[in-house]
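Engineer: For reference, the file structure.txt (compact mmCIF, C-alpha atoms) is included below:
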# COMPACT_ATOMS: atom_id res chain seq x y z
CA LYS A 277 115.98 121.28 -133.58
CA SER A 278 116.48 117.68 -134.65
CA ASN A 279 119.01 116.99 -131.89
CA PHE A 280 116.63 118.27 -129.21
CA LEU A 281 113.88 115.94 -130.39
CA LYS A 282 116.34 113.04 -130.66
CA LEU A 283 117.39 113.68 -127.07
CA LEU A 284 113.77 113.68 -125.89
CA LYS A 285 113.10 110.40 -127.74
CA GLU A 286 116.15 108.72 -126.21
CA LEU A 287 115.26 109.93 -122.73
CA ARG A 288 111.65 108.82 -123.15
CA GLU A 289 112.75 105.31 -124.14
CA ALA A 290 115.19 105.14 -121.22
CA PHE A 291 112.74 106.55 -118.66
CA ASP A 292 109.61 104.59 -119.53
CA PRO A 293 110.75 101.19 -118.11
CA HIS A 294 111.35 102.90 -114.76
CA GLY A 295 108.19 105.00 -114.74
CA TYR A 296 110.17 108.25 -114.63
CA LEU A 297 108.65 111.57 -115.64
CA LEU A 298 110.22 113.52 -118.48
CA THR A 299 109.83 117.30 -118.32
CA ALA A 300 111.64 120.23 -119.91
CA ALA A 301 112.24 123.88 -119.06
CA LEU A 302 111.09 125.78 -122.16
CA SER A 303 112.24 129.21 -123.29
CA PRO A 304 109.77 132.14 -123.27
CA GLY A 305 111.40 133.80 -126.29
CA LYS A 306 109.91 133.51 -129.77
CA GLN A 307 113.32 133.49 -131.45
CA THR A 308 114.48 130.59 -129.29
CA MET A 309 111.25 128.66 -129.83
CA ASP A 310 111.57 129.02 -133.59
CA ALA A 311 115.25 128.06 -133.61
CA ALA A 312 115.37 125.26 -131.04
CA TYR A 313 112.23 123.17 -130.74
CA GLY A 314 111.15 122.06 -134.19
CA ASP A 315 108.17 119.70 -134.11
CA VAL A 316 106.28 121.08 -131.11
CA PRO A 317 103.28 118.70 -131.50
CA LEU A 318 105.75 115.80 -131.18
CA MET A 319 106.90 117.28 -127.88
CA ASN A 320 103.38 116.64 -126.57
CA GLU A 321 103.97 112.91 -127.03
CA LEU A 322 107.48 112.89 -125.55
CA LEU A 323 107.10 115.17 -122.52
CA ASP A 324 104.93 114.63 -119.49
CA TRP A 325 104.82 118.41 -119.33
CA GLY A 326 106.84 121.48 -120.24
CA ASN A 327 107.71 124.21 -117.75
CA VAL A 328 107.56 127.48 -119.69
CA MET A 329 109.95 129.97 -118.09
CA THR A 330 107.74 133.04 -118.38
CA TYR A 331 110.21 135.36 -116.69
CA ASP A 332 113.60 137.00 -117.36
CA TYR A 333 112.14 138.96 -120.25
CA HIS A 334 114.09 142.00 -119.11
CA GLY A 335 116.91 142.59 -116.65
CA GLY A 336 120.08 144.49 -115.90
CA TRP A 337 121.85 143.07 -118.97
CA GLU A 338 119.75 145.73 -120.75
CA ASP A 339 120.42 149.30 -119.60
CA ILE A 340 116.69 150.06 -119.74
CA LEU A 341 114.32 150.00 -116.77
CA GLY A 342 111.71 147.29 -117.18
CA HIS A 343 110.05 144.28 -115.61
CA ASN A 344 111.11 140.69 -115.21
CA ALA A 345 107.73 139.18 -116.15
CA PRO A 346 105.17 141.55 -117.72
CA LEU A 347 101.81 139.90 -118.27
CA TYR A 348 101.02 142.03 -121.34
CA SER A 349 102.90 144.61 -123.38
CA ARG A 350 102.12 148.30 -122.96
CA PRO A 351 100.48 150.36 -125.75
CA ASP A 352 103.60 152.54 -126.01
CA GLU A 353 105.86 149.50 -126.55
CA THR A 354 105.76 149.81 -130.31
CA GLU A 355 108.09 148.68 -133.05
CA GLU A 356 109.49 152.21 -133.08
CA LEU A 357 110.34 152.04 -129.37
CA GLU A 358 111.94 148.63 -129.85
CA ARG A 359 114.21 150.05 -132.55
CA LYS A 360 115.05 153.07 -130.41
CA LEU A 361 115.94 151.04 -127.30
CA HIS A 362 117.29 147.96 -129.12
CA THR A 363 115.11 145.56 -127.17
CA ASN A 364 111.95 143.48 -127.58
CA TYR A 365 108.59 144.26 -125.99
CA ARG A 366 105.77 143.07 -128.23
CA THR A 367 106.75 139.39 -128.00
CA PHE A 368 108.43 139.58 -124.59
CA ASN A 369 105.47 139.15 -122.26
CA VAL A 370 103.66 136.23 -120.67
CA ASN A 371 100.52 136.58 -122.79
CA TYR A 372 102.44 136.42 -126.06
CA THR A 373 104.60 133.49 -124.96
CA VAL A 374 101.66 131.33 -123.87
CA ASN A 375 99.62 132.07 -126.98
CA TYR A 376 102.59 131.50 -129.28
CA TYR A 377 103.26 128.07 -127.78
CA LEU A 378 99.58 127.22 -128.28
CA SER A 379 99.80 128.36 -131.91
CA LEU A 380 102.82 126.08 -132.41
CA GLY A 381 100.82 123.12 -131.16
CA LEU A 382 101.84 122.70 -127.52
CA LYS A 383 98.77 121.36 -125.75
CA LYS A 384 97.31 123.24 -122.80
CA GLU A 385 97.38 120.12 -120.66
CA LYS A 386 101.13 119.86 -121.30
CA MET A 387 101.93 123.50 -120.51
CA VAL A 388 102.97 124.60 -117.02
CA MET A 389 103.48 128.36 -116.66
CA GLY A 390 106.36 129.81 -114.67
CA VAL A 391 105.86 132.41 -111.93
CA PRO A 392 108.91 134.26 -110.54
CA PHE A 393 109.32 135.02 -106.84
CA TYR A 394 112.18 137.43 -107.51
CA GLY A 395 112.62 140.76 -109.25
CA ARG A 396 115.20 142.15 -111.64
CA GLY A 397 116.97 145.36 -110.66
CA TRP A 398 118.87 148.29 -112.14
CA THR A 399 121.02 151.11 -110.82
CA LEU A 400 119.44 154.45 -111.73
CA MET A 401 121.23 156.87 -114.01
CA SER A 402 119.92 159.62 -111.71
CA LYS A 403 117.26 159.75 -109.01
CA ASP A 404 114.73 161.41 -111.33
CA LYS A 405 115.15 158.71 -114.02
CA HIS A 406 112.97 156.06 -112.38
CA ASN A 407 110.24 155.39 -114.96
CA LEU A 408 109.79 152.36 -117.20
CA HIS A 409 111.95 152.62 -120.34
CA ASP A 410 114.34 155.14 -118.74
CA ILE A 411 118.04 154.48 -119.35
CA ALA A 412 119.92 152.94 -116.40
CA LYS A 413 123.57 152.56 -115.43
CA GLY A 414 123.39 148.78 -115.24
CA MET A 415 122.49 146.10 -112.72
CA SER A 416 121.52 146.90 -109.15
CA PRO A 417 123.99 145.84 -106.40
CA GLU A 418 124.00 142.34 -104.93
CA GLY A 419 121.13 141.42 -102.63
CA PHE A 420 121.90 140.75 -98.96
CA ILE A 421 120.44 137.21 -99.11
CA GLY A 422 120.93 135.91 -102.66
CA GLY A 423 124.14 137.79 -103.29
CA GLU A 424 123.46 138.22 -107.00
CA ALA A 425 123.78 141.56 -108.78
CA GLY A 426 120.63 142.66 -110.61
CA VAL A 427 118.37 140.34 -108.59
CA LEU A 428 116.32 140.82 -105.44
CA GLY A 429 114.10 138.13 -104.00
CA TYR A 430 110.70 139.18 -102.70
CA ASN A 431 112.05 138.51 -99.20
CA GLU A 432 114.97 140.89 -99.79
CA LEU A 433 112.95 143.74 -101.24
CA CYS A 434 110.21 143.66 -98.62
CA GLN A 435 112.79 143.82 -95.81
CA LEU A 436 114.63 146.70 -97.47
CA GLU A 437 111.37 148.62 -97.73
CA LEU A 438 110.45 147.90 -94.11
CA LYS A 439 113.86 149.08 -92.95
CA ASP A 440 113.54 152.47 -94.65
CA PRO A 441 109.96 152.91 -95.95
CA SER A 442 110.20 156.66 -96.53
CA GLN A 443 112.87 156.13 -99.18
CA TRP A 444 110.87 153.71 -101.33
CA HIS A 445 108.13 154.29 -103.89
CA ASN A 446 105.93 151.50 -105.27
CA GLU A 447 103.92 151.65 -108.49
CA TYR A 448 101.71 149.18 -110.39
CA ASP A 449 101.64 149.02 -114.15
CA PRO A 450 98.13 148.26 -115.46
CA TYR A 451 99.42 146.41 -118.54
CA TYR A 452 102.24 144.48 -116.91
CA ARG A 453 99.81 143.81 -114.04
CA ALA A 454 102.78 143.83 -111.75
CA PRO A 455 104.58 146.26 -109.43
CA TYR A 456 107.91 148.01 -109.50
CA ALA A 457 109.74 149.86 -106.75
CA TYR A 458 112.46 152.48 -106.69
CA ASN A 459 114.42 154.72 -104.37
CA ASP A 460 117.06 157.32 -105.21
CA GLU A 461 119.53 154.65 -106.33
CA ILE A 462 117.87 151.49 -107.67
CA PHE A 463 114.77 150.25 -109.52
CA ILE A 464 113.23 146.76 -109.12
CA GLY A 465 110.50 145.18 -111.25
CA TYR A 466 109.13 142.45 -108.98
CA GLU A 467 106.15 140.30 -107.95
CA ASP A 468 103.90 140.50 -104.90
CA VAL A 469 100.79 138.63 -103.75
CA ASP A 470 98.52 140.72 -105.97
CA SER A 471 100.56 140.29 -109.15
CA ILE A 472 100.85 136.56 -108.39
CA SER A 473 97.03 136.46 -108.30
CA CYS A 474 96.97 137.96 -111.82
CA LYS A 475 99.40 135.40 -113.20
CA ILE A 476 97.58 132.44 -111.65
CA ALA A 477 94.22 133.82 -112.81
CA PHE A 478 95.68 134.12 -116.31
CA LEU A 479 96.97 130.55 -116.49
CA LYS A 480 93.66 129.24 -115.14
CA SER A 481 91.64 131.24 -117.66
CA MET A 482 93.85 129.84 -120.43
CA GLY A 483 93.19 126.29 -119.24
CA LEU A 484 96.86 125.46 -118.69
CA SER A 485 97.98 122.39 -116.76
CA GLY A 486 99.39 124.33 -113.82
CA GLY A 487 102.06 126.65 -112.53
CA MET A 488 105.64 126.33 -111.36
CA VAL A 489 107.65 128.86 -109.35
CA TRP A 490 111.22 130.10 -109.37
CA ALA A 491 112.18 129.96 -106.64
CA LEU A 492 111.03 129.01 -103.14
CA GLU A 493 114.00 130.64 -101.41
CA ASN A 494 112.88 134.05 -102.73
CA ASP A 495 109.61 133.92 -100.77
CA ASP A 496 109.32 135.41 -97.28
CA PHE A 497 109.84 132.00 -95.68
CA ARG A 498 110.76 133.48 -92.29
CA SER A 499 107.78 135.85 -92.13
CA LYS A 500 109.87 139.00 -91.85
CA CYS A 501 107.45 141.30 -93.66
CA GLY A 502 104.10 140.84 -91.95
CA GLY A 503 102.37 138.61 -94.49
CA GLY A 504 103.00 135.32 -92.72
CA LYS A 505 105.33 132.59 -93.90
CA ASN A 506 105.59 132.03 -97.66
CA PRO A 507 102.89 134.52 -98.72
CA LEU A 508 103.60 134.09 -102.45
CA MET A 509 103.58 130.30 -102.39
CA ASN A 510 100.46 130.30 -100.24
CA LYS A 511 98.69 132.47 -102.82
CA VAL A 512 99.70 130.08 -105.61
CA HIS A 513 98.46 127.12 -103.58
CA ARG A 514 95.15 128.74 -102.64
CA MET A 515 94.34 129.64 -106.23
CA LEU A 516 95.41 126.30 -107.75
CA ASN A 517 94.54 123.80 -105.04
CA GLY A 518 92.94 125.60 -102.11
CA ASP A 519 89.94 127.69 -101.12
CA GLU A 520 90.41 130.09 -104.06
CA ILE A 521 90.50 127.35 -106.69
CA LYS A 522 87.51 128.90 -108.49
CA SER A 523 88.86 132.43 -108.31
CA LEU A 524 89.82 134.39 -111.40
CA GLU A 525 90.37 137.57 -109.41
CA CYS A 526 93.39 139.61 -110.50
CA LYS A 527 94.15 142.04 -107.68
CA PHE A 528 96.87 144.19 -109.16
CA ALA A 529 95.73 147.49 -107.64
CA PRO A 530 93.26 148.56 -104.94
CA THR A 531 90.05 149.69 -106.65
CA PRO A 532 86.89 149.97 -104.54
CA THR A 533 85.04 151.46 -107.54
CA PRO A 534 86.38 150.56 -110.99
CA PRO A 535 86.87 153.25 -113.62
CA PRO A 536 85.31 152.95 -117.08
CA PRO A 537 87.50 151.50 -119.84
CA THR A 538 89.80 154.11 -121.36
CA THR A 539 91.18 154.49 -124.85
CA PRO A 540 94.97 154.03 -125.08
CA THR A 541 97.03 156.20 -127.41
CA THR A 542 97.99 153.10 -129.36
CA GLN A 543 95.97 149.90 -129.29
CA PRO A 544 97.95 147.10 -127.60
CA THR A 545 99.24 144.33 -129.83
CA THR A 546 98.19 141.01 -128.35
CA PRO A 547 97.58 137.70 -130.11
CA PRO A 548 94.09 136.21 -129.93
CA THR A 549 93.38 134.51 -126.65
CA THR A 550 91.73 131.14 -126.22
CA PRO A 551 88.10 131.26 -125.01
CA PRO A 552 87.05 129.50 -121.79
CA THR A 553 86.64 125.75 -122.09
CA THR A 554 83.03 125.97 -120.85
CA PRO A 555 81.05 128.56 -122.82
CA PRO A 556 78.66 130.52 -120.61
CA THR A 557 74.96 130.90 -121.30
CA THR A 558 73.96 134.10 -123.05
CA LYS A 559 71.53 136.42 -121.27
CA PRO A 560 70.25 139.90 -122.12
CA THR A 561 72.20 142.87 -120.81
CA THR A 562 71.76 146.62 -120.53
CA GLN A 563 75.44 147.51 -120.24
CA GLY A 564 75.46 150.42 -122.73
CA THR A 565 78.09 150.07 -125.44
CA THR A 566 79.66 146.97 -123.92
CA SER A 567 78.53 143.45 -124.69
CA SER A 568 78.06 140.87 -121.98
CA VAL A 569 77.84 137.15 -121.55
CA THR A 570 76.45 136.03 -118.21
CA SER A 571 76.83 132.62 -116.61
CA SER A 572 76.07 130.93 -113.35
CA VAL A 573 79.42 131.51 -111.75
CA ASP A 574 81.93 128.66 -111.89
CA TYR A 575 84.64 130.98 -110.66
CA TRP A 576 84.80 132.70 -107.34
CA CYS A 577 83.19 136.08 -106.61
CA SER A 578 83.62 137.60 -103.15
CA ARG A 579 81.76 140.90 -103.63
CA ASP A 580 79.71 142.90 -106.10
CA GLY A 581 81.88 144.85 -108.48
CA TYR A 582 84.34 144.71 -111.34
CA MET A 583 87.69 143.09 -111.93
CA PRO A 584 90.00 142.81 -114.95
CA HIS A 585 89.81 139.80 -117.23
CA PRO A 586 92.95 137.73 -116.60
CA SER A 587 93.67 136.80 -120.22
CA ASP A 588 92.20 139.60 -122.37
CA PRO A 589 92.77 143.33 -121.67
CA HIS A 590 89.81 144.16 -123.92
CA LYS A 591 87.41 142.45 -121.48
CA TYR A 592 86.52 142.67 -117.80
CA PHE A 593 84.35 140.80 -115.30
CA GLN A 594 81.41 141.99 -113.23
CA CYS A 595 80.34 140.02 -110.16
CA GLU A 596 76.65 140.37 -109.31
CA TRP A 597 74.70 138.85 -106.42
CA ILE A 598 71.24 137.68 -107.56
CA PRO A 599 68.91 137.23 -104.53
CA GLY A 600 67.61 133.70 -104.36
CA THR A 601 70.06 132.53 -107.02
CA GLY A 602 73.60 133.38 -105.98
CA TRP A 603 76.58 134.90 -107.71
CA TYR A 604 76.64 135.60 -111.43
CA LEU A 605 79.79 136.44 -113.35
CA HIS A 606 79.30 138.81 -116.29
CA ASP A 607 82.03 138.54 -118.92
CA ARG A 608 81.95 142.01 -120.47
CA THR A 609 83.67 143.37 -123.57
CA CYS A 610 85.12 146.87 -123.73
CA PRO A 611 83.86 149.23 -126.47
CA ASP A 612 85.77 149.19 -129.75
CA HIS A 613 89.31 150.59 -129.63
CA THR A 614 89.40 150.64 -125.84
CA THR A 615 91.12 148.52 -123.24
CA TRP A 616 90.68 148.02 -119.51
CA VAL A 617 93.07 150.13 -117.44
CA GLN A 618 93.02 149.72 -113.67
CA LYS A 619 93.62 152.84 -111.59
CA ASP A 620 93.71 153.58 -107.87
Spell out the structure here as structure tokens.
Structural biologist:
Amino acid sequence: KSNFLKLLKELREAFDPHGYLLTAALSPGKQTMDAAYGDVPLMNELLDWGNVMTYDYHGGWEDILGHNAPLYSRPDETEELERKLHTNYRTFNVNYTVNYYLSLGLKKEKMVMGVPFYGRGWTLMSKDKHNLHDIAKGMSPEGFIGGEAGVLGYNELCQLELKDPSQWHNEYDPYYRAPYAYNDEIFIGYEDVDSISCKIAFLKSMGLSGGMVWALENDDFRSKCGGGKNPLMNKVHRMLNGDEIKSLECKFAPTPTPPPPTTPTTQPTTPPTTPPTTPPTTKPTTQGTTSSVTSSVDYWCSRDGYMPHPSDPHKYFQCEWIPGTGWYLHDRTCPDHTTWVQKD
């Protein structure tokens, strides 16, 4: 801990006369944070910003099917499951990492959140063992572009699926807010445009400084898959700097009509989230057992309807068009002991 801070101080003193920026790639793991970083508030003074590597939570080094960058943990990812599978779930997700850094004193304006453009892959134990938490043989084979076992860039996976679409199955996890794909041989937990929207919406709702990606070469930069060039990077740009800059929409599954909140078997364990920087104005509501705060919309609504809250699974948004006034965004709270689960 002390050596890391000494290094930052020495670099800061050496960089300042030249006007250089000092940044750091920061671990997403609680154990590493506790062991390595020490005085986190002091890091605010020494770093221009910190890039939090909110990915590589799970991969082929574990023989358990999972996802590279889950946004939240699942209700069934309990302490008991962690002991059974000898892995970590409750603290290995983007939501926990970001909130834990905030609790340690890292300022929002210093925190840049990582977004992966690649997926982590496994070789299936058998073709019927393709669900999350199933035991796997090990890493998936090398990709045909990156050449790394256990890794497929978005550009690799989308081309593999286009080449033989009947052999692939794609699913979305409502807690991870991200997709995974499998065929008879391999399983990949990956990112697409919709899951990217959820991650960017999350970092915006948390008031973080921005996002960083790893890595550009994993995007579909040659437009092989029908989404144009660099579809993932374009989504990041639109939501952070472009025409969707006010959007908090998290499009992790197609839902023309949203289902009501459902009660999970076990309530998810998530640390408290930080409220929006601008509190909305309270208005009356007739939303049954849910509570609602309504504000003149500062974030983007494109249609009437519902969408998940990007930083709290116990809340959801409702977009409403008020004639003569414009869009209103209702920030609604799920009934006690329930959580929002998105379904097709």
Engineer: Using only C-alpha atoms, which of A:Gly504, A:Gly483, A:Gly581, A:Gly395 sits nearest Gly335 of chain A?
Structural biologist: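 Among A:Gly504, A:Gly483, A:Gly581, A:Gly395, it is A:Gly395 that comes nearest to Gly335 of chain A.
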Engineer: When you look at Leu341 of chain A with a cut-off of 9 Å (counting all atoms listed in the file), what residues show up, excluding the ones that are within fewer than 4 positions of it in the same chain? I need them as a list in words.
Structural biologist: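 These residues fall inside the cut-off: His334, Gly335, Gly336, Gly397, Trp398, Leu400, His406, Asn407, Leu408, His409, Asp410, Ile411, Ala412, Phe463, Ile464 and Gly465 of chain A.
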Engineer: Please measure the separation of atom CA of Glu356 of chain A and atom CA of His343 of chain A, giving the value in Å to one decimal.
Structural biologist: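 Distance reported for this atom pair: 19.2 Å.
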Engineer: Residues within 9 Å of Gly486 of chain A, please, as a list of chain:residue names. Count all atoms listed in the file; anything in the same chain fewer than 2 positions from it doesn't count.
Structural biologist: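 Listed by chain and then number, they are A:Glu385, A:Lys386, A:Met387, A:Val388, A:Met389, A:Gly390, A:Ile476, A:Leu479, A:Lys480, A:Gly483, A:Leu484, A:Met488, A:Leu516.
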Engineer: By how many Å are atom CA of His613 of chain A and atom CA of Tyr451 of chain A apart?
Structural biologist: 15.6 Å
